[in-house]
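Novice: I'd like to ask you about the structure that follows.
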Amino acid sequence: MKRLPTRGILNSPETWVQQKAEYDVKLWGHPKNMWVVDNKYYDLSSFVEKHPGGSRWLSSTQGHDVT
């Protein structure tokens, strides 16, 4: 399995986030449109715009294990 790059060779934080999502999907097999918290799947799509920290974080971590 492909290892995630270290931050020293990244073009941007967005690149790392995208690669982490792809890695998590391959590793855990969860759907890309879900978020994983403590090994449980959640569809947070209706909450993205209401997130207190802003929508950017949830949008960029969709498909990740965000535990």
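All residue names refer to the structure tokens as shown: chains lettered A, B, ... in order, residues numbered from 1 in each chain, ligands numbered from 1 in order.
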Do you know which residues are at most 10 Å from Lys20 of chain A counting only C-alpha atoms, after dropping those on the same chain fewer than 2 positions away, and could you put them as a PyMOL selection string?

Specialist: chain A and resi 3-5+14-18+22-26+61+63-65

Novice: Neighbouring residues of segment 43-55 of chain A were defined as those with any atom within 8 Å, considering only C-alpha atoms; residues of the same chain fewer than 4 positions away were excluded. Please report them as an MDAnalysis selection string.

Specialist: chainID A and resid 33:35 59

Novice: Record the distance separating atom CA of Ala21 of chain A and atom CA of Tyr41 of chain A, expressed in Å with one decimal.

Specialist: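 Spanning atom CA of Ala21 of chain A to atom CA of Tyr41 of chain A is a straight-line distance of 14.1 Å.
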
Novice: Which of segment 7-41 of chain A counts as strand (DSSP E) under DSSP, as a VMD selection string please?

Specialist: chain A and resid 35 to 37 40 to 41

Novice: Using atom CA of Thr67 of chain A and atom CA of Pro31 of chain A as the two end points, give the distance in Å to one decimal.

Specialist: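 Between atom CA of Thr67 of chain A and atom CA of Pro31 of chain A the gap works out to 15.8 Å.
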